[in-house]
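**Q** The following file, structure-v8.pdb, comprises PDB, C-alpha atoms, pLDDT in the B column:
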ATOM      1  CA  ASN A   1      -4.875 -38.401  23.725  1.00 58.00           C
ATOM      2  CA  LYS A   2      -5.994 -37.994  27.330  1.00 51.00           C
ATOM      3  CA  ASN A   3      -3.206 -40.138  28.799  1.00 54.00           C
ATOM      4  CA  THR A   4      -0.585 -38.143  26.890  1.00 53.00           C
ATOM      5  CA  PHE A   5      -2.055 -34.887  28.236  1.00 52.00           C
ATOM      6  CA  VAL A   6      -1.939 -36.185  31.824  1.00 51.00           C
ATOM      7  CA  THR A   7       1.661 -37.360  31.369  1.00 51.00           C
ATOM      8  CA  CYS A   8       2.744 -34.004  29.930  1.00 50.00           C
ATOM      9  CA  THR A   9       0.974 -32.084  32.719  1.00 50.00           C
ATOM     10  CA  GLY A  10       2.625 -34.243  35.371  1.00 50.00           C
ATOM     11  CA  ALA A  11       6.047 -33.770  33.781  1.00 46.00           C
ATOM     12  CA  LYS A  12       5.505 -30.020  33.657  1.00 51.00           C
ATOM     13  CA  LYS A  13       4.596 -29.938  37.367  1.00 52.00           C
ATOM     14  CA  MET A  14       7.685 -31.971  38.227  1.00 47.00           C
ATOM     15  CA  SER A  15       9.865 -29.670  36.112  1.00 62.00           C
ATOM     16  CA  THR A  16       8.406 -26.552  37.763  1.00 66.00           C
ATOM     17  CA  LYS A  17       8.945 -28.068  41.221  1.00 66.00           C
ATOM     18  CA  LYS A  18      12.533 -28.956  40.341  1.00 70.00           C
ATOM     19  CA  ILE A  19      13.235 -25.399  39.176  1.00 68.00           C
ATOM     20  CA  TYR A  20      11.683 -23.977  42.352  1.00 67.00           C
ATOM     21  CA  ASN A  21      13.715 -26.326  44.556  1.00 86.00           C
ATOM     22  CA  LYS A  22      16.932 -25.456  42.722  1.00 90.00           C
ATOM     23  CA  ARG A  23      16.307 -21.728  43.068  1.00 92.00           C
ATOM     24  CA  GLU A  24      15.582 -22.145  46.765  1.00 92.00           C
ATOM     25  CA  TYR A  25      18.777 -24.172  47.174  1.00 94.00           C
ATOM     26  CA  ILE A  26      20.831 -21.441  45.494  1.00 96.00           C
ATOM     27  CA  LEU A  27      19.207 -18.743  47.631  1.00 95.00           C
ATOM     28  CA  GLU A  28      19.840 -20.707  50.831  1.00 94.00           C
ATOM     29  CA  LYS A  29      23.506 -21.236  49.980  1.00 95.00           C
ATOM     30  CA  SER A  30      23.823 -17.591  48.954  1.00 96.00           C
ATOM     31  CA  LYS A  31      22.431 -16.498  52.308  1.00 95.00           C
ATOM     32  CA  ASP A  32      25.351 -18.230  54.043  1.00 94.00           C
ATOM     33  CA  ILE A  33      27.823 -16.469  51.735  1.00 96.00           C
ATOM     34  CA  PHE A  34      26.292 -13.003  52.157  1.00 96.00           C
ATOM     35  CA  THR A  35      26.215 -13.539  55.910  1.00 94.00           C
ATOM     36  CA  LYS A  36      29.923 -14.377  56.003  1.00 93.00           C
ATOM     37  CA  LYS A  37      31.260 -11.971  53.364  1.00 93.00           C
ATOM     38  CA  GLY A  38      28.780  -9.102  53.246  1.00 93.00           C
ATOM     39  CA  PHE A  39      27.554  -7.978  49.834  1.00 95.00           C
ATOM     40  CA  THR A  40      30.369  -6.142  48.064  1.00 94.00           C
ATOM     41  CA  SER A  41      32.882  -9.023  48.285  1.00 94.00           C
ATOM     42  CA  VAL A  42      30.582 -11.733  46.912  1.00 96.00           C
ATOM     43  CA  THR A  43      31.034 -12.935  43.329  1.00 97.00           C
ATOM     44  CA  MET A  44      29.115 -15.360  41.147  1.00 97.00           C
ATOM     45  CA  THR A  45      32.123 -17.680  41.490  1.00 97.00           C
ATOM     46  CA  ASP A  46      31.609 -17.763  45.267  1.00 97.00           C
ATOM     47  CA  ILE A  47      28.006 -18.850  44.749  1.00 96.00           C
ATOM     48  CA  ILE A  48      28.946 -21.399  42.066  1.00 96.00           C
ATOM     49  CA  ASP A  49      31.494 -22.980  44.416  1.00 96.00           C
ATOM     50  CA  ALA A  50      29.086 -23.017  47.380  1.00 95.00           C
ATOM     51  CA  CYS A  51      26.306 -24.593  45.325  1.00 94.00           C
ATOM     52  CA  ASN A  52      28.671 -27.002  43.568  1.00 94.00           C
ATOM     53  CA  ILE A  53      27.110 -26.284  40.188  1.00 93.00           C
ATOM     54  CA  SER A  54      28.457 -25.132  36.843  1.00 94.00           C
ATOM     55  CA  ARG A  55      28.544 -21.491  35.813  1.00 94.00           C
ATOM     56  CA  GLY A  56      25.989 -22.234  33.124  1.00 94.00           C
ATOM     57  CA  GLY A  57      23.829 -24.008  35.701  1.00 92.00           C
ATOM     58  CA  LEU A  58      23.752 -20.924  37.916  1.00 95.00           C
ATOM     59  CA  TYR A  59      23.026 -18.563  35.026  1.00 94.00           C
ATOM     60  CA  LEU A  60      20.005 -20.658  34.117  1.00 93.00           C
ATOM     61  CA  TYR A  61      18.395 -19.271  37.277  1.00 94.00           C
ATOM     62  CA  PHE A  62      20.113 -15.950  38.030  1.00 96.00           C
ATOM     63  CA  SER A  63      22.000 -13.427  35.931  1.00 95.00           C
ATOM     64  CA  SER A  64      23.911 -11.543  38.631  1.00 96.00           C
ATOM     65  CA  VAL A  65      24.852 -11.289  42.301  1.00 96.00           C
ATOM     66  CA  ASP A  66      22.415  -8.364  42.580  1.00 95.00           C
ATOM     67  CA  GLU A  67      19.525 -10.477  41.328  1.00 95.00           C
ATOM     68  CA  ILE A  68      20.337 -13.278  43.775  1.00 96.00           C
ATOM     69  CA  PHE A  69      20.636 -10.862  46.688  1.00 96.00           C
ATOM     70  CA  ILE A  70      17.343  -9.119  45.929  1.00 94.00           C
ATOM     71  CA  GLU A  71      15.404 -12.363  45.542  1.00 94.00           C
ATOM     72  CA  MET A  72      16.985 -13.759  48.708  1.00 95.00           C
ATOM     73  CA  ILE A  73      15.985 -10.699  50.751  1.00 94.00           C
ATOM     74  CA  LEU A  74      12.445 -10.694  49.345  1.00 91.00           C
ATOM     75  CA  SER A  75      12.115 -14.389  50.151  1.00 91.00           C
ATOM     76  CA  ILE A  76      13.290 -13.794  53.731  1.00 92.00           C
ATOM     77  CA  ASN A  77      10.878 -10.859  54.044  1.00 91.00           C
ATOM     78  CA  ALA A  78       7.942 -12.995  52.933  1.00 90.00           C
ATOM     79  CA  GLN A  79       8.912 -15.661  55.448  1.00 91.00           C
ATOM     80  CA  LYS A  80       9.169 -13.118  58.275  1.00 91.00           C
ATOM     81  CA  LEU A  81       5.774 -11.639  57.438  1.00 90.00           C
ATOM     82  CA  ASN A  82       4.219 -15.090  57.394  1.00 91.00           C
ATOM     83  CA  GLU A  83       5.820 -15.830  60.773  1.00 91.00           C
ATOM     84  CA  ALA A  84       4.413 -12.586  62.186  1.00 91.00           C
ATOM     85  CA  LYS A  85       0.916 -13.459  60.969  1.00 91.00           C
ATOM     86  CA  THR A  86       1.229 -16.932  62.450  1.00 91.00           C
ATOM     87  CA  SER A  87       2.606 -15.693  65.773  1.00 89.00           C
ATOM     88  CA  VAL A  88      -0.470 -13.603  66.555  1.00 87.00           C
ATOM     89  CA  THR A  89      -2.646 -16.712  66.316  1.00 86.00           C
ATOM     90  CA  GLU A  90      -0.558 -18.585  68.873  1.00 81.00           C
ATOM     91  CA  ASP A  91      -1.109 -18.634  72.615  1.00 86.00           C
ATOM     92  CA  LYS A  92       1.237 -15.729  73.344  1.00 91.00           C
ATOM     93  CA  THR A  93       0.596 -12.249  74.674  1.00 94.00           C
ATOM     94  CA  PHE A  94       1.600  -9.131  72.785  1.00 95.00           C
ATOM     95  CA  THR A  95       4.178  -8.435  75.482  1.00 95.00           C
ATOM     96  CA  GLU A  96       5.791 -11.824  74.849  1.00 95.00           C
ATOM     97  CA  LEU A  97       5.752 -11.334  71.074  1.00 95.00           C
ATOM     98  CA  ILE A  98       7.268  -7.843  71.176  1.00 96.00           C
ATOM     99  CA  ASP A  99       9.954  -9.105  73.574  1.00 96.00           C
ATOM    100  CA  ILE A 100      10.784 -11.874  71.093  1.00 94.00           C
ATOM    101  CA  TYR A 101      10.895  -9.331  68.261  1.00 95.00           C
ATOM    102  CA  PHE A 102      13.334  -7.053  70.081  1.00 96.00           C
ATOM    103  CA  LYS A 103      15.449  -9.984  71.254  1.00 96.00           C
ATOM    104  CA  LYS A 104      15.920 -11.026  67.613  1.00 93.00           C
ATOM    105  CA  GLN A 105      16.813  -7.467  66.620  1.00 94.00           C
ATOM    106  CA  LYS A 106      19.275  -7.193  69.487  1.00 95.00           C
ATOM    107  CA  ASN A 107      20.993 -10.449  68.505  1.00 93.00           C
ATOM    108  CA  ARG A 108      21.282  -9.304  64.885  1.00 90.00           C
ATOM    109  CA  ILE A 109      22.793  -5.982  65.949  1.00 91.00           C
ATOM    110  CA  LEU A 110      25.244  -7.513  68.439  1.00 92.00           C
ATOM    111  CA  ASN A 111      26.290 -10.102  65.852  1.00 90.00           C
ATOM    112  CA  ILE A 112      26.223  -7.873  62.795  1.00 87.00           C
ATOM    113  CA  ASP A 113      29.272  -9.595  61.319  1.00 81.00           C
ATOM    114  CA  SER A 114      27.436 -12.925  61.306  1.00 82.00           C
ATOM    115  CA  SER A 115      24.074 -11.648  60.082  1.00 85.00           C
ATOM    116  CA  LEU A 116      22.748 -10.142  56.854  1.00 90.00           C
ATOM    117  CA  LEU A 117      22.690  -6.638  58.316  1.00 89.00           C
ATOM    118  CA  MET A 118      26.157  -5.764  57.051  1.00 89.00           C
ATOM    119  CA  ALA A 119      25.363  -7.103  53.580  1.00 91.00           C
ATOM    120  CA  MET A 120      22.153  -5.075  53.527  1.00 91.00           C
ATOM    121  CA  HIS A 121      23.992  -1.903  54.534  1.00 89.00           C
ATOM    122  CA  GLN A 122      26.619  -2.465  51.848  1.00 91.00           C
ATOM    123  CA  TYR A 123      23.955  -3.067  49.222  1.00 93.00           C
ATOM    124  CA  ARG A 124      22.066   0.067  50.207  1.00 89.00           C
ATOM    125  CA  PHE A 125      25.148   2.297  50.104  1.00 89.00           C
ATOM    126  CA  SER A 126      26.307   0.917  46.754  1.00 90.00           C
ATOM    127  CA  HIS A 127      22.931   1.168  44.991  1.00 90.00           C
ATOM    128  CA  LYS A 128      21.684   4.705  44.542  1.00 84.00           C
ATOM    129  CA  ASN A 129      19.840   4.460  41.227  1.00 84.00           C
ATOM    130  CA  ASP A 130      16.123   5.112  40.820  1.00 80.00           C
ATOM    131  CA  SER A 131      15.690   1.498  39.749  1.00 78.00           C
ATOM    132  CA  ASP A 132      16.783   0.392  43.222  1.00 85.00           C
ATOM    133  CA  GLU A 133      14.112   2.441  44.955  1.00 87.00           C
ATOM    134  CA  MET A 134      11.400  -0.123  44.258  1.00 87.00           C
ATOM    135  CA  PHE A 135      13.359  -2.775  46.135  1.00 88.00           C
ATOM    136  CA  PHE A 136      14.055  -0.466  49.083  1.00 88.00           C
ATOM    137  CA  SER A 137      10.400   0.608  49.151  1.00 89.00           C
ATOM    138  CA  GLU A 138       9.270  -3.007  49.208  1.00 89.00           C
ATOM    139  CA  GLN A 139      11.732  -3.734  51.993  1.00 89.00           C
ATOM    140  CA  PHE A 140      10.384  -0.779  53.986  1.00 90.00           C
ATOM    141  CA  LEU A 141       6.762  -1.784  53.421  1.00 92.00           C
ATOM    142  CA  ASN A 142       7.351  -5.401  54.404  1.00 92.00           C
ATOM    143  CA  THR A 143       9.061  -4.437  57.667  1.00 92.00           C
ATOM    144  CA  LYS A 144       6.240  -2.035  58.453  1.00 95.00           C
ATOM    145  CA  MET A 145       3.640  -4.729  57.785  1.00 94.00           C
ATOM    146  CA  ILE A 146       5.391  -7.083  60.211  1.00 94.00           C
ATOM    147  CA  LEU A 147       5.309  -4.458  62.949  1.00 95.00           C
ATOM    148  CA  LEU A 148       1.702  -3.560  62.191  1.00 95.00           C
ATOM    149  CA  GLU A 149       0.720  -7.213  62.615  1.00 95.00           C
ATOM    150  CA  LEU A 150       2.225  -7.156  66.102  1.00 95.00           C
ATOM    151  CA  LEU A 151       0.952  -3.715  67.108  1.00 96.00           C
ATOM    152  CA  ASN A 152      -2.590  -4.358  65.922  1.00 95.00           C
ATOM    153  CA  TYR A 153      -2.549  -7.605  67.873  1.00 95.00           C
ATOM    154  CA  GLY A 154      -1.509  -5.637  70.978  1.00 95.00           C
ATOM    155  CA  ILE A 155      -4.442  -3.295  70.467  1.00 94.00           C
ATOM    156  CA  HIS A 156      -6.784  -6.252  69.922  1.00 93.00           C
ATOM    157  CA  THR A 157      -5.678  -7.816  73.222  1.00 93.00           C
ATOM    158  CA  ASN A 158      -5.952  -4.446  75.015  1.00 93.00           C
ATOM    159  CA  GLU A 159      -2.282  -4.559  76.010  1.00 94.00           C
ATOM    160  CA  ILE A 160      -1.524  -1.262  74.263  1.00 94.00           C
ATOM    161  CA  ARG A 161      -3.531   1.761  73.226  1.00 91.00           C
ATOM    162  CA  ILE A 162      -2.033   3.676  70.305  1.00 88.00           C
ATOM    163  CA  GLU A 163      -3.905   6.105  68.096  1.00 86.00           C
ATOM    164  CA  ASN A 164      -1.576   5.844  65.116  1.00 91.00           C
ATOM    165  CA  THR A 165       0.012   2.415  64.721  1.00 93.00           C
ATOM    166  CA  GLU A 166       1.570   3.259  61.335  1.00 94.00           C
ATOM    167  CA  ASP A 167       3.552   6.138  62.815  1.00 93.00           C
ATOM    168  CA  LEU A 168       4.653   3.962  65.718  1.00 94.00           C
ATOM    169  CA  ALA A 169       5.759   1.209  63.320  1.00 95.00           C
ATOM    170  CA  VAL A 170       7.879   3.714  61.399  1.00 94.00           C
ATOM    171  CA  HIS A 171       9.401   5.025  64.658  1.00 93.00           C
ATOM    172  CA  ILE A 172      10.404   1.481  65.619  1.00 95.00           C
ATOM    173  CA  MET A 173      11.847   0.834  62.155  1.00 94.00           C
ATOM    174  CA  LEU A 174      13.950   4.000  62.258  1.00 93.00           C
ATOM    175  CA  PHE A 175      15.084   3.107  65.768  1.00 93.00           C
ATOM    176  CA  ILE A 176      16.274  -0.356  64.667  1.00 93.00           C
ATOM    177  CA  GLU A 177      17.869   1.100  61.531  1.00 91.00           C
ATOM    178  CA  GLY A 178      19.743   3.637  63.657  1.00 92.00           C
ATOM    179  CA  LEU A 179      21.118   0.971  65.982  1.00 93.00           C
ATOM    180  CA  SER A 180      22.145  -1.288  63.104  1.00 91.00           C
ATOM    181  CA  THR A 181      23.901   1.602  61.331  1.00 89.00           C
ATOM    182  CA  LEU A 182      25.719   2.381  64.571  1.00 91.00           C
ATOM    183  CA  ALA A 183      26.764  -1.265  64.875  1.00 90.00           C
ATOM    184  CA  ALA A 184      28.059  -1.212  61.291  1.00 85.00           C
ATOM    185  CA  THR A 185      30.410   1.682  62.066  1.00 86.00           C
ATOM    186  CA  SER A 186      31.275   1.096  65.740  1.00 89.00           C
ATOM    187  CA  THR A 187      30.711  -1.413  68.544  1.00 89.00           C
ATOM    188  CA  PRO A 188      27.813  -0.426  70.827  1.00 91.00           C
ATOM    189  CA  SER A 189      27.719  -2.309  74.120  1.00 94.00           C
ATOM    190  CA  GLU A 190      24.980  -4.743  75.026  1.00 95.00           C
ATOM    191  CA  GLU A 191      24.023  -2.465  77.924  1.00 96.00           C
ATOM    192  CA  PHE A 192      23.577   0.476  75.548  1.00 96.00           C
ATOM    193  CA  ILE A 193      21.380  -1.545  73.194  1.00 96.00           C
ATOM    194  CA  ASP A 194      19.305  -2.826  76.135  1.00 96.00           C
ATOM    195  CA  SER A 195      18.733   0.733  77.378  1.00 96.00           C
ATOM    196  CA  GLN A 196      17.618   1.875  73.920  1.00 95.00           C
ATOM    197  CA  ILE A 197      15.233  -1.065  73.556  1.00 95.00           C
ATOM    198  CA  GLU A 198      13.737  -0.314  76.964  1.00 95.00           C
ATOM    199  CA  PHE A 199      13.202   3.274  75.855  1.00 93.00           C
ATOM    200  CA  ILE A 200      11.280   2.284  72.725  1.00 93.00           C
ATOM    201  CA  LYS A 201       9.267  -0.317  74.668  1.00 94.00           C
ATOM    202  CA  LYS A 202       8.148   2.402  77.082  1.00 92.00           C
ATOM    203  CA  LEU A 203       6.954   4.353  74.050  1.00 90.00           C
ATOM    204  CA  ILE A 204       4.960   1.342  72.860  1.00 93.00           C
ATOM    205  CA  PHE A 205       3.314   0.712  76.211  1.00 91.00           C
ATOM    206  CA  THR A 206       2.512   4.335  76.995  1.00 82.00           C
ATOM    207  CA  LYS A 207      -1.256   4.450  76.917  1.00 56.00           C
ATOM    208  CA  ASN A 208      -3.171   6.874  74.732  1.00 49.00           C
ATOM    209  CA  ARG A 209       0.016   8.053  73.078  1.00 50.00           C
ATOM    210  CA  ASN A 210      -0.401   9.852  69.769  1.00 50.00           C
ATOM    211  CA  VAL A 211       2.954   8.868  68.329  1.00 48.00           C
ATOM    212  CA  GLY A 212       2.542  11.077  65.296  1.00 47.00           C
ATOM    213  CA  GLY A 213       2.546  14.084  67.601  1.00 47.00           C
ATOM    214  CA  LEU A 214       5.995  13.373  69.048  1.00 48.00           C
TER     215      LEU A 214
END
Turn this file's structure into structure tokens for me.
**A**
Amino acid sequence: NKNTFVTCTGAKKMSTKKIYNKREYILEKSKDIFTKKGFTSVTMTDIIDACNISRGGLYLYFSSVDEIFIEMILSINAQKLNEAKTSVTEDKTFTELIDIYFKKQKNRILNIDSSLLMAMHQYRFSHKNDSDEMFFSEQFLNTKMILLELLNYGIHTNEIRIENTEDLAVHIMLFIEGLSTLAATSTPSEEFIDSQIEFIKKLIFTKNRNVGGL
């Protein structure tokens, strides 16, 4: 019966949408918890309480804290990449966009206790198995793609001239990683972070620089 088929299809779409919305709700609530508590201190009970759902209700969607954390990070990564792709189509210069990028990184580093940086560091140091490498590789690739979107836009607008954008993207990533690791173990001053950002920005805007040859 055609009407029965349409009804079943519509119900299936609604069910799929409901599942998606519930998963997104759990991930959003989990983000708040990981931001406040880091990674190692978070339990499934914390997430159950924050989401106000039953234990069985949570396990319908996720089987562990690790699974929730990974999916949350991948979701955030996808959103950041989409934002980077959108930003280069807006009426902003590369200089403005790279300033915004570094301002966000600076705020995350200065407020590491109220960002996901600490949780990410804790996850990385507590997960050393080969099975974790795929996640870390995807994280690395996504961050590089975001930077490549910005750098290639700078080349397109003739604001920078870099022979090897991939090497430069990796240099910037390692620079940010170094500062965030420092912030996780000590308290770098805002002035110090500003001076380091200015250093890397000079590298970006140095014309005809073959970064791979540094």
**Q** Evaluate the PyMOL selection byres ((chain A and resi 196-203) around 10) here and jot the selected residues down as a list in words.
**A**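 Written out, the selection comes to Thr95, Ile98, Asp99, Phe102, Lys103, Gln105, Lys106, Ile162, Leu168, His171, Ile172, Phe175, Ile176, Leu179, Glu190, Glu191, Phe192, Ile193, Asp194, Ser195, Ile204, Phe205, Thr206, Lys207, Arg209 and Val211 of chain A.
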**Q** In Å, with one decimal, what is the gap from CA of Thr93 in chain A to CA of Tyr153 in chain A?
**A**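 Interatomic distance, CA of Thr93 in chain A to CA of Tyr153 in chain A: 8.8 Å.
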**Q** Run the PyMOL selection byres ((chain A and resi 109-117) around 10) mentally over the shown coordinates, then write out the matched residues as a ChimeraX atom specification, using the chain letters and numbers from the document.
**A** /A:31-39,73,103-108,118-123,176-177,179-184,187-190,193
**Q** Write the selection just made, keeping C-alpha atoms, as an mmCIF file, keeping the file's coordinate frame?
**A**
data_model
loop_
_atom_site.group_PDB
_atom_site.id
_atom_site.type_symbol
_atom_site.label_atom_id
_atom_site.label_comp_id
_atom_site.auth_asym_id
_atom_site.auth_seq_id
_atom_site.Cartn_x
_atom_site.Cartn_y
_atom_site.Cartn_z
ATOM 1 C CA LYS A 31 22.431 -16.498 52.308
ATOM 2 C CA ASP A 32 25.351 -18.230 54.043
ATOM 3 C CA ILE A 33 27.823 -16.469 51.735
ATOM 4 C CA PHE A 34 26.292 -13.003 52.157
ATOM 5 C CA THR A 35 26.215 -13.539 55.910
ATOM 6 C CA LYS A 36 29.923 -14.377 56.003
ATOM 7 C CA LYS A 37 31.260 -11.971 53.364
ATOM 8 C CA GLY A 38 28.780 -9.102 53.246
ATOM 9 C CA PHE A 39 27.554 -7.978 49.834
ATOM 10 C CA ILE A 73 15.985 -10.699 50.751
ATOM 11 C CA LYS A 103 15.449 -9.984 71.254
ATOM 12 C CA LYS A 104 15.920 -11.026 67.613
ATOM 13 C CA GLN A 105 16.813 -7.467 66.620
ATOM 14 C CA LYS A 106 19.275 -7.193 69.487
ATOM 15 C CA ASN A 107 20.993 -10.449 68.505
ATOM 16 C CA ARG A 108 21.282 -9.304 64.885
ATOM 17 C CA MET A 118 26.157 -5.764 57.051
ATOM 18 C CA ALA A 119 25.363 -7.103 53.580
ATOM 19 C CA MET A 120 22.153 -5.075 53.527
ATOM 20 C CA HIS A 121 23.992 -1.903 54.534
ATOM 21 C CA GLN A 122 26.619 -2.465 51.848
ATOM 22 C CA TYR A 123 23.955 -3.067 49.222
ATOM 23 C CA ILE A 176 16.274 -0.356 64.667
ATOM 24 C CA GLU A 177 17.869 1.100 61.531
ATOM 25 C CA LEU A 179 21.118 0.971 65.982
ATOM 26 C CA SER A 180 22.145 -1.288 63.104
ATOM 27 C CA THR A 181 23.901 1.602 61.331
ATOM 28 C CA LEU A 182 25.719 2.381 64.571
ATOM 29 C CA ALA A 183 26.764 -1.265 64.875
ATOM 30 C CA ALA A 184 28.059 -1.212 61.291
ATOM 31 C CA THR A 187 30.711 -1.413 68.544
ATOM 32 C CA PRO A 188 27.813 -0.426 70.827
ATOM 33 C CA SER A 189 27.719 -2.309 74.120
ATOM 34 C CA GLU A 190 24.980 -4.743 75.026
ATOM 35 C CA ILE A 193 21.380 -1.545 73.194
#
**Q** Measuring atom to atom with all atoms listed in the file, identify which of A:Arg23, A:His156, A:Lys80, A:Arg124 is nearest to Leu58 in chain A.
**A** A:Arg23
**Q** Fewer than 3 positions away in the same chain doesn't count, so skip those; otherwise give me all residues within 12 Å of Lys144 in chain A, counting all atoms listed in the file, as a compact mmCIF listing (two decimals) with C-alpha atoms, in the coordinates of the input.
**A**
# COMPACT_ATOMS: atom_id res chain seq x y z
CA ASN A 77 10.88 -10.86 54.04
CA LYS A 80 9.17 -13.12 58.28
CA LEU A 81 5.77 -11.64 57.44
CA ALA A 84 4.41 -12.59 62.19
CA SER A 137 10.40 0.61 49.15
CA GLU A 138 9.27 -3.01 49.21
CA GLN A 139 11.73 -3.73 51.99
CA PHE A 140 10.38 -0.78 53.99
CA LEU A 141 6.76 -1.78 53.42
CA LEU A 147 5.31 -4.46 62.95
CA LEU A 148 1.70 -3.56 62.19
CA GLU A 149 0.72 -7.21 62.62
CA LEU A 150 2.22 -7.16 66.10
CA LEU A 151 0.95 -3.72 67.11
CA ASN A 152 -2.59 -4.36 65.92
CA THR A 165 0.01 2.42 64.72
CA GLU A 166 1.57 3.26 61.34
CA ASP A 167 3.55 6.14 62.82
CA LEU A 168 4.65 3.96 65.72
CA ALA A 169 5.76 1.21 63.32
CA VAL A 170 7.88 3.71 61.40
CA HIS A 171 9.40 5.03 64.66
CA ILE A 172 10.40 1.48 65.62
CA MET A 173 11.85 0.83 62.16
CA LEU A 174 13.95 4.00 62.26
CA ILE A 176 16.27 -0.36 64.67
**Q** Of the residues A:Phe69, A:Phe136, A:Phe125, A:Phe94, which is the one nearest to Ile155 in chain A, using all atoms listed in the file?
**A**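 Closest to Ile155 in chain A of all the choices is A:Phe94.
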